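What follows is one structure encoded as structure tokens, with my remarks underneath.
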Amino acid sequence: MDHPPAAALNTPSPGSRRLADAWHRIVARLSTDCPLCGGAARGARLCRGCADDLRLAWQAATPRRCLRCAMPAMDTAGRGCGCPLRHAAFVQAVAAFDYRPPADLLVLDLKNRLRLSRLRAVAALMSQAAREAGLCQDASRVLVPVPASRASLQRRGFNPAAELARAVSAELGWSCRGEWLARVRDGRKQSRLGREARRLAVLGAYACPVRIDGARVVLVDDVMTTGSTADSAARALVRAGAAEVVVLVAARAWSEMPVDGAGAAAGVIPPEGAVFWLGAGR
Ligand SMILES: [Zn+2]
Ligand SMILES: [Zn+2]
């Protein structure tokens, strides 16, 4: 396939970027209610207490995470989770919180109740997670959202991943290139499929229509469950020349806390129909 050079694609002008940044700074100062506790907050984000509680809950759930899949790991270097994603096309997965109460409410509000006002709160948490993971030392990273299926676009009228990528772009200053990934095939709805069925459902579902040689991509999605979607999308980006793909998601969905790291791989598939997993599907 012939690829036009990435530089040929439209990019925001410096003027529009400055205008967007100024608007972002104004909105960030507005007094709002915290989406989780109703207390005083700013810019539609969580209050400081709720934001701190979520990060503490993430660390307390398991102090050691596998760098590749963000699941519980056996050693402090992030090894030994029995990683089901050890052959994935992305090198690291970073999540803001586990997909469980109370933080799952933010994702459910956004995806199922179409509350776009939750974008800022979730994007702020994702940006914080990216900082803590050391990603922000590289200002040249490019955010690319996972494209939605035609069915979910029709159902919601927007792609949560694309809106989150734009909001994270406003927080961190990385550019956002939604046009670097296209969905070329719609698979079955994934929320009730097992790991292998999910993998097959998204195999070859994405394509990058341009050459992006040397790009360091941050692939954005709302929820990561088995990682099959992220892997498939990352493969398309690597085929188009990406030097590195890191995944950044709002929520990491997994079912049971493993007794030890070796059990982590078994715990990743959500139980059928469990309330925990409503709205998660990737
Ligand atoms: Zn709060
Ligand atoms: Zn792993």
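Chain labels run A, B, ... following the order of the structure tokens; each chain numbers its residues from 1, and ligands are numbered from 1 in the order shown.
Environment of ligand 2, defined as every protein or nucleic acid residue with an atom within 7 Å of it and counting only C-alpha atoms and all ligand atoms, comprises A:Cys66, A:Leu67, A:Arg68, A:Cys69, A:Ala70, A:Met71, A:Ala73, A:Cys81, A:Gly82, A:Cys83, A:Pro84, A:Leu85, A:Arg86.
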Keeping only C-alpha atoms, write those residues as a short mmCIF file (atom, residue, chain, number, x, y, z; two decimals), in the first residue's frame.
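Dumped to part-v5.cif:
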```
data_model
loop_
_atom_site.label_atom_id
_atom_site.label_comp_id
_atom_site.auth_asym_id
_atom_site.auth_seq_id
_atom_site.Cartn_x
_atom_site.Cartn_y
_atom_site.Cartn_z
CA CYS A 66 3.87 -5.76 35.19
CA LEU A 67 5.22 -2.96 32.99
CA ARG A 68 3.77 -4.56 29.87
CA CYS A 69 0.20 -5.29 30.93
CA ALA A 70 -0.30 -3.33 34.20
CA MET A 71 -1.36 -6.51 35.99
CA ALA A 73 3.71 -8.70 39.00
CA CYS A 81 3.11 -11.76 35.98
CA GLY A 82 2.89 -14.75 33.63
CA CYS A 83 2.24 -12.01 31.15
CA PRO A 84 -0.43 -12.85 28.59
CA LEU A 85 0.73 -9.82 26.60
CA ARG A 86 4.47 -10.57 26.54
#
```
Neighbouring residues of ligand 1 are defined here as those with any atom at most 8 Å from a ligand atom, counting only C-alpha atoms and all ligand atoms; list them as a list of chain:residue names. A:Asp33, A:Cys34, A:Pro35, A:Leu36, A:Cys37, A:Gly38, A:Gly39, A:Ala40, A:Ala41, A:Leu46, A:Cys47, A:Arg48, A:Gly49, A:Cys50, A:Ala51
Would you save the residues of that selection, restricted to N, CA and C atoms, as an mmCIF file, in the first residue's frame?
```cif
data_model
loop_
_atom_site.group_PDB
_atom_site.id
_atom_site.type_symbol
_atom_site.label_atom_id
_atom_site.label_comp_id
_atom_site.auth_asym_id
_atom_site.auth_seq_id
_atom_site.Cartn_x
_atom_site.Cartn_y
_atom_site.Cartn_z
ATOM 1 N N ASP A 33 -18.240 20.749 41.025
ATOM 2 C CA ASP A 33 -18.397 19.698 42.022
ATOM 3 C C ASP A 33 -17.561 18.480 41.631
ATOM 4 N N CYS A 34 -16.931 17.859 42.611
ATOM 5 C CA CYS A 34 -16.191 16.624 42.356
ATOM 6 C C CYS A 34 -17.174 15.552 41.874
ATOM 7 N N PRO A 35 -16.895 14.880 40.757
ATOM 8 C CA PRO A 35 -17.827 13.885 40.219
ATOM 9 C C PRO A 35 -18.028 12.683 41.136
ATOM 10 N N LEU A 36 -17.101 12.436 42.063
ATOM 11 C CA LEU A 36 -17.240 11.261 42.933
ATOM 12 C C LEU A 36 -17.861 11.581 44.280
ATOM 13 N N CYS A 37 -17.446 12.683 44.934
ATOM 14 C CA CYS A 37 -17.944 12.954 46.284
ATOM 15 C C CYS A 37 -18.836 14.201 46.340
ATOM 16 N N GLY A 38 -18.897 14.978 45.281
ATOM 17 C CA GLY A 38 -19.725 16.185 45.284
ATOM 18 C C GLY A 38 -19.096 17.366 46.000
ATOM 19 N N GLY A 39 -17.884 17.170 46.514
ATOM 20 C CA GLY A 39 -17.179 18.250 47.214
ATOM 21 C C GLY A 39 -16.630 19.287 46.238
ATOM 22 N N ALA A 40 -15.966 20.288 46.800
ATOM 23 C CA ALA A 40 -15.450 21.386 45.974
ATOM 24 C C ALA A 40 -14.260 20.910 45.144
ATOM 25 N N ALA A 41 -14.323 21.221 43.847
ATOM 26 C CA ALA A 41 -13.231 20.869 42.935
ATOM 27 C C ALA A 41 -13.095 21.979 41.905
ATOM 28 N N LEU A 46 -11.626 15.693 39.663
ATOM 29 C CA LEU A 46 -11.867 15.209 41.020
ATOM 30 C C LEU A 46 -11.298 16.203 42.019
ATOM 31 N N CYS A 47 -11.851 16.197 43.236
ATOM 32 C CA CYS A 47 -11.232 16.982 44.296
ATOM 33 C C CYS A 47 -9.901 16.324 44.662
ATOM 34 N N ARG A 48 -9.049 17.050 45.333
ATOM 35 C CA ARG A 48 -7.725 16.520 45.665
ATOM 36 C C ARG A 48 -7.832 15.211 46.455
ATOM 37 N N GLY A 49 -8.773 15.165 47.423
ATOM 38 C CA GLY A 49 -8.916 13.971 48.266
ATOM 39 C C GLY A 49 -9.274 12.737 47.459
ATOM 40 N N CYS A 50 -10.253 12.880 46.536
ATOM 41 C CA CYS A 50 -10.666 11.725 45.729
ATOM 42 C C CYS A 50 -9.554 11.303 44.779
ATOM 43 N N ALA A 51 -8.856 12.288 44.187
ATOM 44 C CA ALA A 51 -7.760 11.954 43.265
ATOM 45 C C ALA A 51 -6.660 11.194 44.010
#
```
Computed gap from CA of Val91 in chain A to CA of Ala205 in chain A is 20.0 Å
Could you name the residues that touch Arg195 in chain A at 8 Å or less, counting only C-alpha atoms, but leaving out those on the same chain fewer than 3 positions away, as a ChimeraX atom specification? /A:198-199,226,228,269
Using only N, CA and C atoms, please write the residues we just selected to a file, as a compact mmCIF listing (two decimals), in the first residue's frame.
```txt
# COMPACT_ATOMS: atom_id res chain seq x y z
N ARG A 198 -11.81 -12.60 21.74
CA ARG A 198 -11.55 -11.16 21.61
C ARG A 198 -10.37 -10.92 20.67
N ARG A 199 -9.35 -11.75 20.82
CA ARG A 199 -8.17 -11.56 19.98
C ARG A 199 -8.54 -11.72 18.50
N THR A 226 -8.51 -7.45 28.00
CA THR A 226 -7.51 -8.48 27.66
C THR A 226 -6.29 -7.87 26.99
N SER A 228 -6.28 -7.20 23.81
CA SER A 228 -6.31 -7.62 22.40
C SER A 228 -6.49 -6.44 21.46
N ILE A 269 -9.73 -12.31 32.63
CA ILE A 269 -10.98 -12.34 31.88
C ILE A 269 -12.15 -12.03 32.82
```
If I take CA of Trp58 in chain A and CA of Ala95 in chain A, how far is one from the other in Å, to one decimal?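 It comes out at 9.3 Å.
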List as an MDAnalysis selection string the protein and nucleic acid residues near Ala215 in chain A, meaning an atom at most 12 Å away when only C-alpha atoms are counted, but skip any in the same chain fewer than 4 places from it. chainID A and resid 6:7 138:144 175 177 180 210:211 219 237:246
Quick one: pick out all helix (DSSP H, G or I) residues within range 28-274 of chain A from a backbone DSSP run and write them as an NGL selection string. :A and (28-29 or 48-61 or 104-111 or 118-132 or 135-137 or 150-156 or 160-172 or 178-180 or 195-202 or 228-239 or 261-267)
Identify which of the residues A:Cys176, A:Leu200, A:Ala233, A:Leu248 lies closest to Glu163 in chain A, counting only C-alpha atoms when measuring atom-to-atom distances. A:Cys176
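Shortest separation to Gly43 in chain A among A:Ala20, A:Cys136, A:Val27, A:Leu106 occurs at residue A:Val27, atoms counted being only C-alpha atoms.
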With only C-alpha atoms as the basis for distance, which of A:Leu153, A:Ala230, A:Ala103, A:Ile26 is at the shortest distance from Val202 in chain A?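 Counting only C-alpha atoms, the residue closest to Val202 in chain A is A:Ala230.
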Nearest candidate to Tyr206 in chain A (options A:Leu119, A:Ala170, A:Val218, A:Ala182; using only C-alpha atoms): A:Ala182
Residue with smallest distance to Trp254 in chain A - pool A:Gln137, A:Phe90, A:Pro72, A:Asp52, counting only C-alpha atoms: A:Pro72
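Inside range 157-215 of chain A, the residues DSSP reads as strand (DSSP E) when given the backbone are Ser175, Cys176, Ala182, Arg183, Tyr206 and Ala207 of chain A.
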Near-Val249 in chain A list (9 Å; only C-alpha atoms; drop same-chain fewer than 2 positions) as a ChimeraX atom specification: /A:93-97,126,161,219-224,247,251-252
What is the distance between CA of Ala130 in chain A and CA of Ser149 in chain A, in Å to one decimal? 26.0 Å
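For the residues A:Gly178, A:Leu116, A:Ala250, A:Asp109, ranking by smallest atom-to-atom distance to Gln128 in chain A using only C-alpha atoms places A:Ala250 first.
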Tell me, as a PyMOL selection string, which residues lie within 10 Å of range 113-115 of chain A, counting only C-alpha atoms; anything in the same chain fewer than 6 positions away does not count. chain A and resi 106-107+156-158+160
Residues from the last selection, N, CA and C atoms, saved as a compact mmCIF listing (two decimals), in the first residue's frame:
```txt
# COMPACT_ATOMS: atom_id res chain seq x y z
N LEU A 106 -16.74 6.82 36.80
CA LEU A 106 -16.33 7.86 35.85
C LEU A 106 -16.43 7.34 34.42
N VAL A 107 -15.98 6.09 34.22
CA VAL A 107 -16.02 5.51 32.88
C VAL A 107 -17.46 5.20 32.47
N ARG A 156 -23.35 6.04 20.57
CA ARG A 156 -22.98 7.15 21.47
C ARG A 156 -22.91 8.49 20.77
N GLY A 157 -22.60 8.46 19.50
CA GLY A 157 -22.42 9.73 18.80
C GLY A 157 -21.02 10.29 18.96
N PHE A 158 -20.16 9.61 19.71
CA PHE A 158 -18.77 10.05 19.84
C PHE A 158 -17.92 8.84 20.23
N PRO A 160 -15.28 7.72 22.89
CA PRO A 160 -14.68 8.13 24.16
C PRO A 160 -13.15 8.18 24.11
```
